[in-house]
$ cat model_26.cif   # mmCIF, C-alpha atoms
data_upload
loop_
_atom_site.label_atom_id
_atom_site.label_comp_id
_atom_site.auth_asym_id
_atom_site.auth_seq_id
_atom_site.Cartn_x
_atom_site.Cartn_y
_atom_site.Cartn_z
CA MET A 1 -136.48 -63.36 -129.08
CA ALA A 2 -133.02 -64.94 -129.04
CA PHE A 3 -131.79 -62.32 -131.48
CA GLN A 4 -133.05 -59.54 -129.22
CA ILE A 5 -131.31 -61.02 -126.18
CA LEU A 6 -128.07 -61.45 -128.11
CA LEU A 7 -128.31 -57.90 -129.43
CA ASN A 8 -128.91 -56.62 -125.91
CA VAL A 9 -125.81 -58.42 -124.60
CA VAL A 10 -123.74 -57.07 -127.51
CA LEU A 11 -124.96 -53.55 -126.75
CA ALA A 12 -124.05 -54.04 -123.09
CA PHE A 13 -120.51 -55.09 -124.01
CA LEU A 14 -120.29 -52.23 -126.50
CA TRP A 15 -121.28 -49.86 -123.71
CA MET A 16 -118.53 -51.30 -121.51
CA PHE A 17 -115.94 -50.84 -124.26
CA ILE A 18 -117.05 -47.27 -124.98
CA LYS A 19 -116.95 -46.36 -121.27
CA VAL A 20 -113.63 -48.26 -120.81
CA SER A 21 -115.03 -49.72 -117.64
CA TYR A 22 -115.16 -53.51 -117.30
CA ASP A 23 -116.97 -53.95 -114.01
CA PRO A 24 -120.40 -55.60 -113.58
CA ILE A 25 -122.11 -52.27 -112.86
CA SER A 26 -121.01 -50.96 -116.26
CA PHE A 27 -122.41 -54.11 -117.90
CA ILE A 28 -125.75 -53.62 -116.11
CA LYS A 29 -125.90 -49.99 -117.22
CA GLY A 30 -125.13 -51.09 -120.78
CA TYR A 31 -127.78 -53.80 -120.58
CA ILE A 32 -130.38 -51.26 -119.47
CA PHE A 33 -129.24 -48.95 -122.28
CA GLY A 34 -129.62 -51.88 -124.69
CA LEU A 35 -133.14 -52.54 -123.37
CA LEU A 36 -134.08 -48.95 -124.12
CA VAL A 37 -132.60 -49.11 -127.63
CA ILE A 38 -134.35 -52.38 -128.43
CA PHE A 39 -137.62 -51.07 -126.98
CA VAL A 40 -137.45 -47.97 -129.18
CA LEU A 41 -136.64 -50.09 -132.26
CA ARG A 42 -139.05 -52.94 -131.42
CA ARG A 43 -141.27 -52.35 -134.48
CA TYR A 44 -138.39 -53.43 -136.73
CA PHE A 45 -138.22 -56.90 -135.16
CA HIS A 46 -140.43 -59.78 -136.28
CA SER A 47 -141.28 -60.90 -132.73
CA ARG A 48 -142.52 -58.82 -129.85
CA PHE A 49 -140.21 -57.23 -127.30
CA TYR A 50 -138.60 -60.07 -125.35
CA VAL A 51 -139.11 -58.51 -121.92
CA PHE A 52 -142.87 -58.86 -122.43
CA ARG A 53 -142.48 -62.58 -123.11
CA LEU A 54 -140.14 -62.94 -120.12
CA TRP A 55 -142.71 -61.20 -117.92
CA SER A 56 -145.44 -63.53 -119.24
CA PHE A 57 -143.27 -66.53 -118.34
CA ILE A 58 -142.75 -65.19 -114.80
CA LYS A 59 -146.53 -64.71 -114.49
CA LEU A 60 -147.05 -68.33 -115.61
CA ILE A 61 -144.71 -69.55 -112.89
CA ILE A 62 -146.49 -67.41 -110.28
CA ILE A 63 -149.89 -68.75 -111.40
CA PHE A 64 -148.60 -72.32 -111.14
CA ILE A 65 -147.20 -71.76 -107.63
CA LYS A 66 -150.49 -70.14 -106.53
CA GLU A 67 -152.55 -73.02 -107.95
CA LEU A 68 -150.17 -75.54 -106.41
CA ILE A 69 -150.56 -74.03 -102.93
CA LEU A 70 -154.34 -73.68 -103.22
CA SER A 71 -154.80 -77.24 -104.47
CA ASN A 72 -152.56 -78.61 -101.70
CA ILE A 73 -154.73 -76.86 -99.14
CA ALA A 74 -157.88 -78.27 -100.76
CA ILE A 75 -156.41 -81.81 -100.76
CA VAL A 76 -155.43 -81.52 -97.09
CA LYS A 77 -158.99 -80.43 -96.25
CA VAL A 78 -160.43 -83.44 -98.08
CA VAL A 79 -158.00 -85.88 -96.47
CA LEU A 80 -158.45 -84.57 -92.93
CA LYS A 81 -162.26 -84.64 -92.96
CA PRO A 82 -163.62 -87.52 -90.91
CA LYS A 83 -166.12 -88.35 -93.64
CA LEU A 84 -164.86 -88.57 -97.20
CA ASP A 85 -167.42 -86.75 -99.28
CA MET A 86 -165.32 -86.16 -102.35
CA ARG A 87 -166.69 -86.34 -105.87
CA PRO A 88 -164.09 -87.74 -108.27
CA ALA A 89 -164.80 -87.26 -111.95
CA ILE A 90 -163.31 -87.49 -115.41
CA PHE A 91 -164.15 -84.68 -117.79
CA ALA A 92 -163.14 -83.52 -121.25
CA MET A 93 -161.70 -80.06 -121.79
CA ASP A 94 -161.36 -78.53 -125.24
CA THR A 95 -158.22 -76.47 -125.66
CA GLU A 96 -157.23 -73.58 -127.90
CA LEU A 97 -153.58 -74.63 -127.85
CA THR A 98 -152.22 -75.91 -131.15
CA LYS A 99 -148.53 -76.71 -130.76
CA ASP A 100 -147.33 -79.94 -129.17
CA TRP A 101 -145.11 -78.17 -126.61
CA GLN A 102 -148.05 -76.01 -125.48
CA ILE A 103 -150.29 -79.03 -124.94
CA THR A 104 -147.49 -80.88 -123.16
CA LEU A 105 -146.86 -77.90 -120.88
CA LEU A 106 -150.57 -77.56 -120.07
CA SER A 107 -150.83 -81.30 -119.37
CA SER A 108 -147.79 -81.17 -117.13
CA LEU A 109 -149.06 -78.16 -115.18
CA ILE A 110 -152.45 -79.81 -114.66
CA THR A 111 -150.85 -83.11 -113.61
CA LEU A 112 -148.39 -81.42 -111.23
CA THR A 113 -151.30 -79.71 -109.48
CA PRO A 114 -152.47 -82.07 -106.70
CA GLY A 115 -155.90 -83.58 -107.20
CA THR A 116 -155.87 -83.43 -111.00
CA LEU A 117 -154.37 -85.66 -113.65
CA VAL A 118 -154.43 -85.55 -117.44
CA ILE A 119 -155.36 -89.05 -118.53
CA ASP A 120 -155.30 -88.69 -122.30
CA VAL A 121 -155.13 -86.25 -125.18
CA SER A 122 -157.39 -86.77 -128.17
CA GLU A 123 -156.00 -87.71 -131.57
CA ASP A 124 -156.54 -84.20 -132.95
CA ASN A 125 -154.86 -82.59 -129.89
CA LYS A 126 -157.95 -80.50 -129.21
CA THR A 127 -159.34 -82.27 -126.15
CA LEU A 128 -157.73 -83.17 -122.82
CA PHE A 129 -159.31 -85.84 -120.62
CA ILE A 130 -158.75 -84.88 -117.00
CA HIS A 131 -159.38 -86.77 -113.77
CA ALA A 132 -160.17 -84.60 -110.75
CA MET A 133 -160.19 -85.97 -107.23
CA ASN A 134 -162.85 -83.60 -105.92
CA ILE A 135 -164.91 -81.67 -108.42
CA GLY A 136 -167.74 -79.18 -108.09
CA GLU A 137 -169.17 -78.08 -111.40
CA VAL A 138 -167.37 -79.32 -114.51
CA GLU A 139 -167.77 -75.96 -116.27
CA ASP A 140 -166.20 -74.17 -113.31
CA GLU A 141 -163.20 -76.49 -113.39
CA ILE A 142 -162.78 -76.05 -117.16
CA ASN A 143 -163.05 -72.26 -116.88
CA SER A 144 -160.55 -72.28 -114.02
CA ILE A 145 -157.97 -74.14 -116.12
CA LYS A 146 -158.68 -72.06 -119.23
CA ASN A 147 -158.47 -68.74 -117.38
CA SER A 148 -155.27 -69.60 -115.55
CA PHE A 149 -152.93 -72.08 -117.22
CA GLU A 150 -154.15 -72.00 -120.82
CA LYS A 151 -154.39 -68.21 -120.94
CA ALA A 152 -150.88 -67.84 -119.49
CA ILE A 153 -149.41 -70.38 -121.94
CA LEU A 154 -151.02 -68.53 -124.87
CA GLU A 155 -149.60 -65.27 -123.57
CA VAL A 156 -146.09 -66.73 -123.33
CA SER A 157 -146.21 -68.23 -126.81
CA ARG A 158 -147.53 -65.18 -128.68
#
$ encode --input "model_26.cif" --output "structure tokens"
Amino acid sequence: MAFQILLNVVLAFLWMFIKVSYDPISFIKGYIFGLLVIFVLRRYFHSRFYVFRLWSFIKLIIIFIKELILSNIAIVKVVLKPKLDMRPAIFAMDTELTKDWQITLLSSLITLTPGTLVIDVSEDNKTLFIHAMNIGEVEDEINSIKNSFEKAILEVSR
């Protein structure tokens, strides 16, 4: 990925030198030209086209912001009810993530979402122990995390 970005910047500067125009618009045109060249030659690179990974990262950020807003609304509803009828629970979630940075990112995203907290990670890094302030069905919560955060992290790291 880093090689593709560097190659794209070099192609953008090469475009500027060929056009003998050193303004930012010429650099942007060269960058777009470089994107097209790299996209056409993407099968010769060992990693996938870097714009796809960048788009996956942007989707991960959007998913986190959406989950953050929705969980804040849910927490406000629980706090403002006259009768506290929340169901706190601790549950174990098996993960498909294998690398330490992936598990750390997932743990951080879960912990930063209000109402949930990663308490521990198992020794084999396959299970996360999560505390939820208000939980419905455990399987629904696990599927929610797997289909949002874990899926997006796997997409970014492919």
$ resolve_selection --input "model_26.cif" --expression "the PyMOL selection byres ((chain A and resi 51-64) around 8)" --output "VMD selection string"
chain A and resid 48 to 50 65 to 68 109 148 to 149 152 to 153 155 to 158
$ write_last_selection --input "model_26.cif" --atoms "C-alpha atoms" --output "tab-separated table (two decimals), in the frame of the given file"
chain	number	residue	atom	x	y	z
A	48	ARG	CA	-142.52	-58.82	-129.85
A	49	PHE	CA	-140.21	-57.23	-127.30
A	50	TYR	CA	-138.60	-60.07	-125.35
A	65	ILE	CA	-147.20	-71.76	-107.63
A	66	LYS	CA	-150.49	-70.14	-106.53
A	67	GLU	CA	-152.55	-73.02	-107.95
A	68	LEU	CA	-150.17	-75.54	-106.41
A	109	LEU	CA	-149.06	-78.16	-115.18
A	148	SER	CA	-155.27	-69.60	-115.55
A	149	PHE	CA	-152.93	-72.08	-117.22
A	152	ALA	CA	-150.88	-67.84	-119.49
A	153	ILE	CA	-149.41	-70.38	-121.94
A	155	GLU	CA	-149.60	-65.27	-123.57
A	156	VAL	CA	-146.09	-66.73	-123.33
A	157	SER	CA	-146.21	-68.23	-126.81
A	158	ARG	CA	-147.53	-65.18	-128.68
$ residues_around --input "model_26.cif" --residues "A:Thr111" --least-positions-apart "3" --cutoff "12 Å" --atoms "all atoms listed in the file" --output "number ranges by chain"
A: 64, 67-68, 71, 104-108, 114-120, 128-133, 145, 149
$ closest_residue --input "model_26.cif" --among "A:Leu36, A:Gln4, A:Arg43, A:Asn134" --to "A:Lys77" --atoms "all atoms listed in the file"
A:Asn134
$ atom_distance --input "model_26.cif" --atom1 "atom CA of A:Trp101" --atom2 "atom CA of A:Met1"
17.3 Å
$ atom_distance --input "model_26.cif" --atom1 "atom CA of A:Ala2" --atom2 "atom CA of A:Ile28"
18.7 Å
$ atom_distance --input "model_26.cif" --atom1 "atom CA of A:His46" --atom2 "atom CA of A:Ile18"
28.8 Å
$ axis_aligned_box --input "model_26.cif" --around "stretch 107-123 of chain A" --padding-each-side "5 Å" --output "AutoDock Vina command-line options"
--center_x -152.6 --center_y -83.6 --center_z -119.1 --size_x 19.6 --size_y 20.9 --size_z 34.9
$ residues_around --input "model_26.cif" --residues "A:Lys146" --least-positions-apart "6" --cutoff "9 Å" --atoms "only C-alpha atoms" --output "list in words"
Met93, Thr95, Glu96 and Ala152 of chain A
$ write_last_selection --input "model_26.cif" --atoms "C-alpha atoms" --output "PDB file, in the coordinates of the input"
ATOM      1  CA  MET A  93    -161.700 -80.060-121.790  1.00  0.00           C
ATOM      2  CA  THR A  95    -158.220 -76.470-125.660  1.00  0.00           C
ATOM      3  CA  GLU A  96    -157.230 -73.580-127.900  1.00  0.00           C
ATOM      4  CA  ALA A 152    -150.880 -67.840-119.490  1.00  0.00           C
TER       5      ALA A 152
END
$ build_atoms --input "model_26.cif" --residues "stretch 59-79 of chain A" --atoms "N, CA, C and O atoms" --output "PDB file, in the coordinates of the input"
ATOM      1  N   LYS A  59    -145.143 -64.633-114.940  1.00  0.00           N
ATOM      2  CA  LYS A  59    -146.530 -64.710-114.490  1.00  0.00           C
ATOM      3  C   LYS A  59    -147.041 -66.145-114.516  1.00  0.00           C
ATOM      4  O   LYS A  59    -147.785 -66.564-113.620  1.00  0.00           O
ATOM      5  N   LEU A  60    -146.652 -66.931-115.536  1.00  0.00           N
ATOM      6  CA  LEU A  60    -147.050 -68.330-115.610  1.00  0.00           C
ATOM      7  C   LEU A  60    -146.518 -69.115-114.410  1.00  0.00           C
ATOM      8  O   LEU A  60    -147.241 -69.914-113.808  1.00  0.00           O
ATOM      9  N   ILE A  61    -145.287 -68.877-114.050  1.00  0.00           N
ATOM     10  CA  ILE A  61    -144.710 -69.550-112.890  1.00  0.00           C
ATOM     11  C   ILE A  61    -145.441 -69.153-111.608  1.00  0.00           C
ATOM     12  O   ILE A  61    -145.736 -70.010-110.758  1.00  0.00           O
ATOM     13  N   ILE A  62    -145.765 -67.876-111.470  1.00  0.00           N
ATOM     14  CA  ILE A  62    -146.490 -67.410-110.280  1.00  0.00           C
ATOM     15  C   ILE A  62    -147.886 -68.037-110.220  1.00  0.00           C
ATOM     16  O   ILE A  62    -148.334 -68.470-109.150  1.00  0.00           O
ATOM     17  N   ILE A  63    -148.568 -68.114-111.358  1.00  0.00           N
ATOM     18  CA  ILE A  63    -149.890 -68.750-111.400  1.00  0.00           C
ATOM     19  C   ILE A  63    -149.793 -70.210-110.994  1.00  0.00           C
ATOM     20  O   ILE A  63    -150.618 -70.712-110.224  1.00  0.00           O
ATOM     21  N   PHE A  64    -148.763 -70.910-111.494  1.00  0.00           N
ATOM     22  CA  PHE A  64    -148.600 -72.320-111.140  1.00  0.00           C
ATOM     23  C   PHE A  64    -148.355 -72.479-109.641  1.00  0.00           C
ATOM     24  O   PHE A  64    -148.958 -73.352-109.001  1.00  0.00           O
ATOM     25  N   ILE A  65    -147.491 -71.657-109.072  1.00  0.00           N
ATOM     26  CA  ILE A  65    -147.200 -71.760-107.630  1.00  0.00           C
ATOM     27  C   ILE A  65    -148.456 -71.469-106.814  1.00  0.00           C
ATOM     28  O   ILE A  65    -148.752 -72.170-105.833  1.00  0.00           O
ATOM     29  N   LYS A  66    -149.237 -70.454-107.233  1.00  0.00           N
ATOM     30  CA  LYS A  66    -150.490 -70.140-106.530  1.00  0.00           C
ATOM     31  C   LYS A  66    -151.460 -71.319-106.592  1.00  0.00           C
ATOM     32  O   LYS A  66    -152.025 -71.729-105.573  1.00  0.00           O
ATOM     33  N   GLU A  67    -151.645 -71.875-107.793  1.00  0.00           N
ATOM     34  CA  GLU A  67    -152.550 -73.020-107.950  1.00  0.00           C
ATOM     35  C   GLU A  67    -152.053 -74.241-107.183  1.00  0.00           C
ATOM     36  O   GLU A  67    -152.848 -75.004-106.632  1.00  0.00           O
ATOM     37  N   LEU A  68    -150.749 -74.424-107.142  1.00  0.00           N
ATOM     38  CA  LEU A  68    -150.170 -75.540-106.410  1.00  0.00           C
ATOM     39  C   LEU A  68    -150.473 -75.427-104.915  1.00  0.00           C
ATOM     40  O   LEU A  68    -150.893 -76.394-104.275  1.00  0.00           O
ATOM     41  N   ILE A  69    -150.296 -74.246-104.361  1.00  0.00           N
ATOM     42  CA  ILE A  69    -150.560 -74.030-102.930  1.00  0.00           C
ATOM     43  C   ILE A  69    -152.047 -74.193-102.637  1.00  0.00           C
ATOM     44  O   ILE A  69    -152.429 -74.876-101.669  1.00  0.00           O
ATOM     45  N   LEU A  70    -152.899 -73.578-103.462  1.00  0.00           N
ATOM     46  CA  LEU A  70    -154.340 -73.680-103.220  1.00  0.00           C
ATOM     47  C   LEU A  70    -154.848 -75.118-103.344  1.00  0.00           C
ATOM     48  O   LEU A  70    -155.683 -75.559-102.542  1.00  0.00           O
ATOM     49  N   SER A  71    -154.345 -75.851-104.319  1.00  0.00           N
ATOM     50  CA  SER A  71    -154.800 -77.240-104.470  1.00  0.00           C
ATOM     51  C   SER A  71    -154.267 -78.120-103.349  1.00  0.00           C
ATOM     52  O   SER A  71    -154.956 -79.050-102.917  1.00  0.00           O
ATOM     53  N   ASN A  72    -153.072 -77.850-102.853  1.00  0.00           N
ATOM     54  CA  ASN A  72    -152.560 -78.610-101.700  1.00  0.00           C
ATOM     55  C   ASN A  72    -153.434 -78.379-100.480  1.00  0.00           C
ATOM     56  O   ASN A  72    -153.726 -79.322 -99.730  1.00  0.00           O
ATOM     57  N   ILE A  73    -153.846 -77.148-100.268  1.00  0.00           N
ATOM     58  CA  ILE A  73    -154.730 -76.860 -99.140  1.00  0.00           C
ATOM     59  C   ILE A  73    -156.065 -77.579 -99.306  1.00  0.00           C
ATOM     60  O   ILE A  73    -156.596 -78.166 -98.344  1.00  0.00           O
ATOM     61  N   ALA A  74    -156.605 -77.578-100.513  1.00  0.00           N
ATOM     62  CA  ALA A  74    -157.880 -78.270-100.760  1.00  0.00           C
ATOM     63  C   ALA A  74    -157.744 -79.778-100.537  1.00  0.00           C
ATOM     64  O   ALA A  74    -158.646 -80.404 -99.969  1.00  0.00           O
ATOM     65  N   ILE A  75    -156.626 -80.364-100.957  1.00  0.00           N
ATOM     66  CA  ILE A  75    -156.410 -81.810-100.760  1.00  0.00           C
ATOM     67  C   ILE A  75    -156.282 -82.133 -99.277  1.00  0.00           C
ATOM     68  O   ILE A  75    -156.838 -83.125 -98.788  1.00  0.00           O
ATOM     69  N   VAL A  76    -155.570 -81.293 -98.537  1.00  0.00           N
ATOM     70  CA  VAL A  76    -155.430 -81.520 -97.090  1.00  0.00           C
ATOM     71  C   VAL A  76    -156.793 -81.453 -96.413  1.00  0.00           C
ATOM     72  O   VAL A  76    -157.093 -82.262 -95.532  1.00  0.00           O
ATOM     73  N   LYS A  77    -157.649 -80.522 -96.816  1.00  0.00           N
ATOM     74  CA  LYS A  77    -158.990 -80.430 -96.250  1.00  0.00           C
ATOM     75  C   LYS A  77    -159.792 -81.700 -96.509  1.00  0.00           C
ATOM     76  O   LYS A  77    -160.492 -82.199 -95.630  1.00  0.00           O
ATOM     77  N   VAL A  78    -159.690 -82.221 -97.733  1.00  0.00           N
ATOM     78  CA  VAL A  78    -160.430 -83.440 -98.080  1.00  0.00           C
ATOM     79  C   VAL A  78    -159.909 -84.635 -97.282  1.00  0.00           C
ATOM     80  O   VAL A  78    -160.676 -85.441 -96.766  1.00  0.00           O
ATOM     81  N   VAL A  79    -158.601 -84.736 -97.153  1.00  0.00           N
ATOM     82  CA  VAL A  79    -158.000 -85.880 -96.470  1.00  0.00           C
ATOM     83  C   VAL A  79    -158.283 -85.848 -94.969  1.00  0.00           C
ATOM     84  O   VAL A  79    -158.515 -86.883 -94.345  1.00  0.00           O
TER      85      VAL A  79
END
